[in-house]
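The block underneath contains the structure these notes are about, expressed in structure tokens.
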Amino acid sequence: MMGFVTRLCIGALGLASTARTSQYCDPVTSVCYEETKAGDLYVRMALPAVEQAPFDVLVQIVAPTATAGWAAVAWGGKMTKNPITLAWPNGDSTIVSSRWTDNHVLPEPYAGATYRVLRGSTVNATHWTLTTLCSGCSNWPASSDETTLNPKNESAKFAYALSPTPPAQPADNTSSITKHTVHDSFTLTLAAARTDRFEEYIRNLS
């Protein structure tokens, strides 16, 4: 990864079912996230020290340019009926798009989650990074029992997907995309992502 990082391993590395996460502190912004590796992606989150949803989430996605023309994180651990954070590079900046799908078809724009792109969103020759604040990613209306994130969860399930093919109109965050070439689930220790410095982090990144 780019730059010096601090990682404190807290996962049980021998158990595939356990969240293999660690702390990552950005050397430029001094923001500390809980981090996990999801295939080719690094997914990082920080959240306020709350007991229950709803709450905003600071999320960072780091993806290799060679294999990720776009990348996505699904907040309920599956493709359907949960918010999807879709992102891709566009020149020297990154684009974020709020998406949702009720069926196994390409997700459409979703107004239930909103995003603010923050400092730390970068593009270089090898990787692109999205740093964003999501409102509406911790709770959502769906025909299922699991419609909120538990901020005290030690092994919260998410899903990711990516494709090497860029969106058709990369400057437009409602652009159509091609079907993913890679997808899987991952876990992250939300309990360790909670921080009393959340509001300070947002101010530093704004």
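In the structure tokens, chains take the letters A, B, ... in the order shown, each chain's residues start at 1, and ligands count up from 1 in the order shown.
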Would you list the contacts of Thr85 (chain A) as a list in words, taking every protein, DNA or RNA residue within 10 Å and counting only C-alpha atoms, but skipping same-chain residues closer than 5 positions in sequence?
-> Val59, Ile61, Ala71, Ala72, Val73, Ala74, Trp75, Val96, Ser97, Ser98, Arg99, Trp100, Tyr110, Ala113, Thr114, Tyr115, Thr132, Cys134, Cys137 and Tyr160 of chain A
Of the candidates A:Ser176, A:Thr21, A:Asn124, A:Thr67, which one gets nearest to Gly91 (chain A) if we count only C-alpha atoms?
->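 Of A:Ser176, A:Thr21, A:Asn124, A:Thr67, the one nearest Gly91 (chain A) is A:Asn124, counting only C-alpha atoms.
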Looking only at strand (DSSP E) from DSSP on the backbone, list the matching residues of region 52-197 of chain A as a ChimeraX atom specification.
-> /A:57-64,70-74,84-90,93-100,108-109,114-117,122-123,127-135,156-163,182-188,194-195
Within 9 Å of Ser93 (chain A), counting only C-alpha atoms, which residues show up once you throw out same-chain ones fewer than 5 positions away? Write them as a VMD selection string, please.
-> chain A and resid 88 121 to 123 128 to 130
Residues at most 10 Å from Ala53 (chain A), counting only C-alpha atoms, excluding those fewer than 5 positions away in the same chain, as a PyMOL selection string?
-> chain A and resi 136-139+147-151
Excluding Gly77 (chain A) and any residue of its chain fewer than 3 positions from it, enumerate the residues within 9 Å of it, using only C-alpha atoms, and give them as an MDAnalysis selection string.
-> chainID A and resid 73:74 80 82 156:160 184:187
